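Enquirer: Got coords.cif for you, mmCIF, C-alpha atoms:
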```cif
data_coords
loop_
_atom_site.label_atom_id
_atom_site.label_comp_id
_atom_site.auth_asym_id
_atom_site.auth_seq_id
_atom_site.Cartn_x
_atom_site.Cartn_y
_atom_site.Cartn_z
CA MET C 392 -29.49 -81.52 -227.89
CA ASN C 393 -32.24 -80.52 -230.30
CA LEU C 394 -32.60 -77.41 -232.45
CA LYS C 395 -35.09 -75.87 -230.03
CA HIS C 396 -32.42 -75.97 -227.33
CA VAL C 397 -29.85 -74.45 -229.72
CA GLN C 398 -32.28 -71.66 -230.56
CA GLN C 399 -32.88 -70.91 -226.87
CA LEU C 400 -29.16 -70.93 -226.02
CA LEU C 401 -28.33 -68.53 -228.85
CA ASP C 402 -31.45 -66.42 -228.31
CA ALA C 403 -32.04 -66.89 -232.03
CA GLU C 404 -34.92 -66.05 -234.32
CA ILE C 405 -36.39 -68.88 -236.45
CA LEU C 406 -36.47 -67.76 -240.10
CA SER C 407 -37.32 -71.11 -241.70
CA GLY C 408 -38.26 -74.63 -240.66
CA GLU C 409 -40.20 -74.01 -237.46
CA ALA C 410 -41.79 -77.46 -237.81
CA HIS C 411 -38.40 -79.19 -237.57
CA MET C 412 -37.08 -77.81 -234.27
CA GLU C 413 -37.08 -81.25 -232.65
CA ARG C 414 -34.21 -82.42 -234.89
CA GLU C 415 -31.24 -83.72 -232.92
CA VAL C 416 -27.87 -82.02 -233.23
CA ASN C 417 -24.63 -83.93 -232.65
CA THR C 418 -21.94 -81.54 -233.84
CA VAL C 419 -21.25 -77.97 -234.98
CA PHE C 420 -19.22 -76.53 -237.82
CA ALA C 421 -18.44 -72.80 -237.94
CA CYS C 422 -17.10 -71.49 -241.20
CA ASP C 423 -17.57 -68.92 -243.97
CA LEU C 424 -15.86 -71.07 -246.58
CA MET C 425 -18.41 -73.30 -248.30
CA SER C 426 -15.67 -75.29 -250.04
CA ASP C 427 -14.51 -76.46 -246.62
CA VAL C 428 -18.06 -77.10 -245.41
CA LEU C 429 -18.50 -79.44 -248.39
CA SER C 430 -15.78 -81.72 -247.04
CA LEU C 431 -17.83 -82.49 -243.91
CA ILE C 432 -18.49 -86.17 -243.39
CA GLU C 433 -21.14 -86.13 -240.69
CA ASP C 434 -24.82 -85.49 -240.64
CA LYS C 435 -26.80 -84.07 -237.71
CA THR C 436 -24.48 -81.10 -237.90
CA ILE C 437 -25.39 -77.44 -237.71
CA LEU C 438 -23.51 -74.75 -239.61
CA LEU C 439 -22.72 -71.41 -237.99
CA THR C 440 -21.77 -68.81 -240.56
CA GLY C 441 -21.78 -65.12 -241.38
CA LEU C 442 -22.02 -65.81 -245.09
CA VAL C 443 -25.59 -65.02 -246.07
CA ASN C 444 -26.24 -66.09 -249.63
CA LEU C 445 -28.02 -68.72 -251.64
CA GLN C 446 -24.92 -70.89 -251.92
CA THR C 447 -24.88 -71.30 -248.12
CA ILE C 448 -28.38 -72.82 -248.37
CA ARG C 449 -27.42 -75.00 -251.34
CA THR C 450 -24.37 -76.26 -249.44
CA ALA C 451 -26.56 -77.13 -246.44
CA GLU C 452 -29.01 -78.88 -248.76
CA MET C 453 -26.36 -81.07 -250.41
CA LEU C 454 -24.93 -82.15 -247.05
CA ASP C 455 -28.26 -82.70 -245.26
CA ILE C 456 -27.15 -80.18 -242.65
CA ASN C 457 -29.76 -79.92 -239.92
CA ALA C 458 -29.76 -76.17 -239.58
CA VAL C 459 -27.90 -73.03 -240.59
CA VAL C 460 -27.37 -70.38 -237.91
CA PHE C 461 -26.55 -66.94 -239.28
CA VAL C 462 -24.48 -64.98 -236.78
CA ARG C 463 -24.09 -61.22 -236.16
CA GLY C 464 -27.81 -60.70 -236.76
CA LYS C 465 -27.58 -61.45 -240.46
CA ILE C 466 -30.80 -62.15 -242.34
CA PRO C 467 -30.90 -63.68 -245.82
CA ASP C 468 -33.01 -62.16 -248.58
CA HIS C 469 -36.51 -63.32 -249.49
CA GLU C 470 -35.47 -65.61 -252.38
CA THR C 471 -32.83 -67.35 -250.28
CA LEU C 472 -35.32 -67.98 -247.49
CA LYS C 473 -37.85 -69.30 -250.00
CA ILE C 474 -35.39 -71.94 -251.21
CA ALA C 475 -34.52 -72.86 -247.62
CA LYS C 476 -38.22 -73.37 -246.84
CA GLU C 477 -38.77 -75.45 -249.99
CA ASN C 478 -35.98 -77.76 -248.87
CA ASN C 479 -37.00 -77.97 -245.19
CA ILE C 480 -33.76 -76.39 -244.04
CA VAL C 481 -33.97 -74.74 -240.63
CA ILE C 482 -32.58 -71.21 -240.62
CA LEU C 483 -31.84 -69.39 -237.38
CA SER C 484 -30.42 -65.93 -236.88
CA THR C 485 -28.61 -64.88 -233.72
CA LYS C 486 -27.27 -61.46 -232.76
CA HIS C 487 -24.19 -63.06 -231.16
CA ILE C 488 -20.89 -62.97 -233.04
CA LEU C 489 -19.46 -66.24 -234.36
CA PHE C 490 -16.96 -66.66 -231.50
CA THR C 491 -19.58 -66.13 -228.78
CA SER C 492 -22.11 -68.41 -230.52
CA CYS C 493 -19.55 -71.22 -230.70
CA GLY C 494 -18.54 -70.67 -227.07
CA ILE C 495 -22.12 -70.90 -225.84
CA LEU C 496 -22.77 -74.16 -227.74
CA TYR C 497 -19.42 -75.68 -226.70
CA ASN C 498 -20.06 -74.83 -223.05
CA ASN C 499 -23.36 -76.64 -223.33
CA GLY C 500 -21.82 -79.85 -224.56
CA LEU C 501 -21.79 -79.67 -228.36
CA LYS C 502 -18.56 -80.67 -230.08
CA GLY C 503 -16.96 -79.73 -233.38
CA ALA C 504 -17.75 -81.64 -236.56
CA LYS C 505 -15.11 -83.82 -238.17
CA LEU C 506 -13.58 -83.23 -241.57
CA GLU C 507 -12.12 -85.92 -243.72
CA TYR C 508 -8.41 -85.28 -244.17
CA LYS C 509 -6.22 -87.02 -246.67
CA MET Z 1472 -33.67 -99.76 -265.31
CA THR Z 1473 -31.56 -96.93 -266.67
CA ILE Z 1474 -32.30 -93.25 -266.23
CA GLN Z 1475 -30.50 -90.45 -268.01
CA LEU Z 1476 -31.23 -86.77 -267.39
CA SER Z 1477 -29.33 -83.68 -268.38
CA TYR Z 1478 -29.31 -80.17 -266.91
CA GLU Z 1479 -27.99 -77.00 -268.49
CA VAL Z 1480 -25.56 -74.96 -266.37
CA VAL Z 1481 -25.13 -71.29 -267.22
CA LYS Z 1482 -21.87 -69.36 -266.88
CA ASN Z 1483 -21.81 -66.86 -263.98
CA ASP Z 1484 -25.44 -67.48 -263.03
CA PHE Z 1485 -25.00 -67.64 -259.28
CA PHE Z 1486 -28.70 -67.56 -258.62
CA LYS Z 1487 -29.38 -70.77 -260.50
CA ALA Z 1488 -26.10 -72.37 -259.42
CA GLY Z 1489 -26.97 -75.48 -257.44
CA GLU Z 1490 -30.33 -76.10 -259.09
CA ALA Z 1491 -29.09 -79.03 -261.18
CA SER Z 1492 -27.53 -80.67 -258.11
CA SER Z 1493 -30.68 -80.02 -256.10
CA ASN Z 1494 -32.83 -81.66 -258.81
CA ILE Z 1495 -30.47 -84.63 -259.11
CA LYS Z 1496 -30.59 -85.12 -255.35
CA LYS Z 1497 -34.39 -85.20 -255.44
CA VAL Z 1498 -34.42 -87.71 -258.33
CA LEU Z 1499 -32.05 -90.03 -256.45
CA ARG Z 1500 -34.20 -89.80 -253.33
CA GLN Z 1501 -37.28 -90.75 -255.35
CA LEU Z 1502 -35.36 -93.75 -256.71
CA GLY Z 1503 -34.71 -94.92 -253.16
CA ILE Z 1504 -30.91 -94.63 -253.29
CA PRO Z 1505 -29.39 -94.81 -249.75
CA SER Z 1506 -28.97 -91.36 -248.17
CA ASP Z 1507 -25.20 -91.58 -247.49
CA LEU Z 1508 -24.67 -92.38 -251.16
CA ILE Z 1509 -26.93 -89.51 -252.21
CA ARG Z 1510 -24.87 -87.13 -250.08
CA ARG Z 1511 -21.67 -88.16 -251.85
CA VAL Z 1512 -23.31 -87.72 -255.25
CA ALA Z 1513 -24.84 -84.38 -254.21
CA VAL Z 1514 -21.56 -82.91 -252.92
CA ALA Z 1515 -19.57 -84.04 -255.98
CA THR Z 1516 -22.27 -82.80 -258.37
CA TYR Z 1517 -22.57 -79.46 -256.62
CA GLU Z 1518 -18.80 -78.91 -256.75
CA ALA Z 1519 -18.84 -79.79 -260.47
CA GLU Z 1520 -21.79 -77.50 -261.10
CA MET Z 1521 -20.11 -74.60 -259.28
CA ASN Z 1522 -16.97 -75.19 -261.31
CA ILE Z 1523 -18.95 -74.87 -264.56
CA VAL Z 1524 -20.62 -71.66 -263.29
CA ILE Z 1525 -17.35 -70.14 -262.04
CA HIS Z 1526 -14.71 -71.27 -264.50
CA SER Z 1527 -16.33 -72.22 -267.81
CA ASP Z 1528 -18.30 -70.77 -270.69
CA GLY Z 1529 -21.29 -72.86 -269.56
CA GLY Z 1530 -22.10 -76.51 -269.96
CA GLU Z 1531 -24.23 -79.32 -268.70
CA ILE Z 1532 -24.50 -81.95 -266.00
CA ILE Z 1533 -25.63 -85.40 -267.10
CA LEU Z 1534 -27.00 -87.90 -264.61
CA LEU Z 1535 -26.98 -91.60 -265.46
CA VAL Z 1536 -28.44 -94.12 -263.05
CA THR Z 1537 -28.18 -97.86 -263.65
CA PRO Z 1538 -28.76 -100.71 -261.16
CA GLU Z 1539 -24.97 -100.74 -260.52
CA LYS Z 1540 -23.97 -97.09 -260.36
CA VAL Z 1541 -24.76 -93.39 -260.32
CA GLN Z 1542 -22.68 -91.55 -262.88
CA ILE Z 1543 -22.34 -87.78 -263.10
CA THR Z 1544 -20.76 -86.22 -266.16
CA ALA Z 1545 -19.94 -82.51 -266.05
CA LEU Z 1546 -19.22 -81.25 -269.53
CA ASP Z 1547 -18.43 -77.63 -270.36
CA LYS Z 1548 -17.78 -75.56 -273.48
CA GLY Z 1549 -14.26 -74.55 -272.49
CA PRO Z 1550 -11.89 -72.78 -272.03
CA GLY Z 1551 -10.17 -75.86 -270.59
CA ILE Z 1552 -7.61 -76.40 -267.82
CA ALA Z 1553 -3.95 -75.64 -268.51
CA ASP Z 1554 -2.48 -77.84 -265.78
CA ILE Z 1555 -4.75 -80.60 -264.44
CA GLU Z 1556 -2.16 -81.77 -261.91
CA MET Z 1557 -2.09 -78.29 -260.31
CA ALA Z 1558 -5.91 -78.04 -260.45
CA MET Z 1559 -6.18 -81.29 -258.49
CA LYS Z 1560 -4.02 -79.94 -255.63
CA GLU Z 1561 -5.90 -78.96 -252.49
CA GLY Z 1562 -5.71 -75.20 -252.03
CA TYR Z 1563 -4.83 -74.37 -255.63
CA SER Z 1564 -7.40 -72.06 -257.21
CA THR Z 1565 -7.75 -69.64 -260.11
CA ALA Z 1566 -11.14 -68.31 -258.92
CA PRO Z 1567 -11.61 -64.53 -258.91
CA GLN Z 1568 -12.08 -62.48 -255.72
CA GLU Z 1569 -15.88 -62.11 -256.06
CA VAL Z 1570 -16.24 -65.90 -256.13
CA ARG Z 1571 -14.09 -66.22 -253.01
CA GLU Z 1572 -16.37 -63.74 -251.26
CA MET Z 1573 -19.24 -66.14 -251.95
CA GLY Z 1574 -17.41 -68.85 -250.01
CA PHE Z 1575 -15.92 -70.69 -252.97
CA GLY Z 1576 -12.60 -70.73 -254.75
CA ALA Z 1577 -10.63 -72.33 -251.93
CA GLY Z 1578 -9.13 -74.89 -254.26
CA MET Z 1579 -11.09 -77.77 -252.79
CA GLY Z 1580 -13.55 -78.49 -255.60
CA LEU Z 1581 -11.79 -81.14 -257.66
CA PRO Z 1582 -10.20 -82.87 -254.61
CA ASN Z 1583 -13.65 -82.94 -252.96
CA MET Z 1584 -15.19 -84.53 -256.06
CA LYS Z 1585 -12.48 -87.18 -256.15
CA ARG Z 1586 -12.96 -87.91 -252.44
CA CYS Z 1587 -16.70 -88.49 -252.92
CA ALA Z 1588 -16.27 -90.71 -255.99
CA ASP Z 1589 -15.49 -94.41 -256.40
CA GLU Z 1590 -14.13 -93.59 -259.84
CA PHE Z 1591 -13.08 -90.13 -260.97
CA GLU Z 1592 -11.80 -88.96 -264.32
CA ILE Z 1593 -11.01 -85.52 -265.70
CA LYS Z 1594 -10.25 -84.78 -269.33
CA SER Z 1595 -9.21 -81.29 -270.35
CA SER Z 1596 -6.64 -79.19 -272.13
CA LEU Z 1597 -6.31 -75.46 -272.69
CA GLY Z 1598 -8.62 -74.20 -275.44
CA ASN Z 1599 -10.88 -77.25 -275.25
CA SER Z 1600 -13.83 -78.42 -273.17
CA THR Z 1601 -13.45 -80.07 -269.77
CA GLU Z 1602 -15.20 -83.34 -269.00
CA VAL Z 1603 -15.37 -84.65 -265.46
CA THR Z 1604 -16.81 -88.11 -264.82
CA ILE Z 1605 -17.77 -89.16 -261.31
CA ILE Z 1606 -18.96 -92.70 -260.64
CA ILE Z 1607 -20.44 -93.84 -257.35
CA ARG Z 1608 -21.25 -97.54 -257.14
CA ILE Z 1609 -24.58 -98.59 -255.67
#
```
Let's see the structure in the file written out as structure tokens.

Expert:
Amino acid sequence: MNLKHVQQLLDAEILSGEAHMEREVNTVFACDLMSDVLSLIEDKTILLTGLVNLQTIRTAEMLDINAVVFVRGKIPDHETLKIAKENNIVILSTKHILFTSCGILYNNGLKGAKLEYK
Amino acid sequence: MTIQLSYEVVKNDFFKAGEASSNIKKVLRQLGIPSDLIRRVAVATYEAEMNIVIHSDGGEIILLVTPEKVQITALDKGPGIADIEMAMKEGYSTAPQEVREMGFGAGMGLPNMKRCADEFEIKSSLGNSTEVTIIIRI
């Protein structure tokens, strides 16, 4: 599935990275805890979160996360979006809650991302 | 070829937090380091940078690249760690509530750094600076 398909399924608005909507997505991670996101081991992952701040974007940048989907209609501020654009990070915003967003993507074949456990 | 760069990290500056790691990531990409290796460096550096912002009186991140390795040194101005063994435990954190609300302070920082590194060393004691060295072999 590509990001365009994810955007359509979640009826999401594209806030950054419109030129990169063909990127393939393999897995999904849904979490508000960036410390846990940073233990992800896969790429081609998208992050669903309700945590709208600059550190969410930085976390996505470090991990080469394909896209960040803000749930519950959340929109980051101007500065945060500017940094996302500078780093070619796709930002989507959906009005669905986290649970519903995950359910829609799971029903359409996307699986959860793996974490590295000790 | 050896490259050494250093970046200042300011206490409690959550707007600039991540800038040093972001710059280091870009430098490594320009040097043609493989992307999976860059990710490991980036995650470990970012965790170290956030630790300096959250827990210390400020400090710096030093990047050293040689043909054999990428080395990140995170050096702060104190106040030091009372119990390193506890700090290394997953889930143990002394971060304040406002930091937790930003998605950090879950007690995963140091364990995450160690996981990303080929060699990891932490030197600290209460009242002194903390020095974390992360080496990733090329």

Enquirer: Report, as AutoDock Vina command-line options, the axis-aligned box around all atoms of stretch 1506-1523 of chain Z present in the file, extended by 4 Å on each side; give centre and edge lengths in Å to one decimal place.

Expert:
```
--center_x -23.0 --center_y -83.5 --center_z -256.0 --size_x 20.0 --size_y 25.8 --size_z 25.1
```

Enquirer: Determine, counting only C-alpha atoms, every residue of protein, DNA or RNA that lies within 10 Å of (-16.1, -79.6, -233.5) in the file coordinates, then give the result as a compact mmCIF listing (two decimals) with C-alpha atoms, in the coordinates of the input.

Expert:
```txt
# COMPACT_ATOMS: atom_id res chain seq x y z
CA ASN C 417 -24.63 -83.93 -232.65
CA THR C 418 -21.94 -81.54 -233.84
CA VAL C 419 -21.25 -77.97 -234.98
CA PHE C 420 -19.22 -76.53 -237.82
CA ALA C 421 -18.44 -72.80 -237.94
CA THR C 436 -24.48 -81.10 -237.90
CA CYS C 493 -19.55 -71.22 -230.70
CA TYR C 497 -19.42 -75.68 -226.70
CA LEU C 501 -21.79 -79.67 -228.36
CA LYS C 502 -18.56 -80.67 -230.08
CA GLY C 503 -16.96 -79.73 -233.38
CA ALA C 504 -17.75 -81.64 -236.56
CA LYS C 505 -15.11 -83.82 -238.17
CA LEU C 506 -13.58 -83.23 -241.57
```

Enquirer: Tell me which of Z:Ile1552, Z:Ile1593, Z:Leu1546, Z:Val1536 sits closest to Z:Gly1503, counting only C-alpha atoms.

Expert: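 Looking at the shortest contact to Z:Gly1503, the residue is Z:Val1536.
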
Enquirer: Please write the residues picked by the PyMOL selection byres ((chain Z and resi 1523) around 9) on this file as an mmCIF file with C-alpha atoms, keeping the file's coordinate frame.

Expert:
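The resulting selection.cif:
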```
data_model
loop_
_atom_site.group_PDB
_atom_site.id
_atom_site.type_symbol
_atom_site.label_atom_id
_atom_site.label_comp_id
_atom_site.auth_asym_id
_atom_site.auth_seq_id
_atom_site.Cartn_x
_atom_site.Cartn_y
_atom_site.Cartn_z
ATOM 1 C CA VAL Z 1480 -25.560 -74.960 -266.370
ATOM 2 C CA VAL Z 1481 -25.130 -71.290 -267.220
ATOM 3 C CA LYS Z 1482 -21.870 -69.360 -266.880
ATOM 4 C CA ASN Z 1483 -21.810 -66.860 -263.980
ATOM 5 C CA GLU Z 1518 -18.800 -78.910 -256.750
ATOM 6 C CA ALA Z 1519 -18.840 -79.790 -260.470
ATOM 7 C CA GLU Z 1520 -21.790 -77.500 -261.100
ATOM 8 C CA MET Z 1521 -20.110 -74.600 -259.280
ATOM 9 C CA ASN Z 1522 -16.970 -75.190 -261.310
ATOM 10 C CA VAL Z 1524 -20.620 -71.660 -263.290
ATOM 11 C CA ILE Z 1525 -17.350 -70.140 -262.040
ATOM 12 C CA HIS Z 1526 -14.710 -71.270 -264.500
ATOM 13 C CA SER Z 1527 -16.330 -72.220 -267.810
ATOM 14 C CA ASP Z 1528 -18.300 -70.770 -270.690
ATOM 15 C CA GLY Z 1529 -21.290 -72.860 -269.560
ATOM 16 C CA GLY Z 1530 -22.100 -76.510 -269.960
ATOM 17 C CA GLU Z 1531 -24.230 -79.320 -268.700
ATOM 18 C CA ALA Z 1545 -19.940 -82.510 -266.050
ATOM 19 C CA LEU Z 1546 -19.220 -81.250 -269.530
ATOM 20 C CA ASP Z 1547 -18.430 -77.630 -270.360
#
```

Enquirer: Expanded to explicit residues, what is the PyMOL selection byres ((chain C) within 6 of (chain Z)) for this file, as an MDAnalysis selection string?

Expert: chainID C and resid 424:426 453:454

Enquirer: Write out, as a short mmCIF file (atom, residue, chain, number, x, y, z; two decimals), keeping the file's coordinate frame, the residues just selected, with C-alpha atoms.

Expert:
```cif
data_model
loop_
_atom_site.label_atom_id
_atom_site.label_comp_id
_atom_site.auth_asym_id
_atom_site.auth_seq_id
_atom_site.Cartn_x
_atom_site.Cartn_y
_atom_site.Cartn_z
CA LEU C 424 -15.86 -71.07 -246.58
CA MET C 425 -18.41 -73.30 -248.30
CA SER C 426 -15.67 -75.29 -250.04
CA MET C 453 -26.36 -81.07 -250.41
CA LEU C 454 -24.93 -82.15 -247.05
#
```

Enquirer: Can you tell me how far atom CA of Z:Ser1477 sits from atom CA of Z:Ile1495, in Å to one decimal?

Expert: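 Going from atom CA of Z:Ser1477 over to atom CA of Z:Ile1495 covers 9.4 Å.
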
Enquirer: Mind pulling up the distance from atom CA of Z:Gln1568 to atom CA of Z:Phe1591?

Expert: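 That distance, rounded to one decimal, is 28.2 Å.
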
Enquirer: I need the output of the PyMOL selection byres ((chain C and resi 409) around 10) for this file as JSON, numbers by chain; which residues are they?

Expert: {"C": [394, 395, 405, 406, 407, 408, 410, 411, 412, 413, 476, 479, 480, 481, 482, 483]}

Enquirer: Calculate how many Å separate atom CA of Z:Glu1590 from atom CA of Z:Val1541, rounding to one decimal.

Expert: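 Between atom CA of Z:Glu1590 and atom CA of Z:Val1541 the gap is 10.6 Å.
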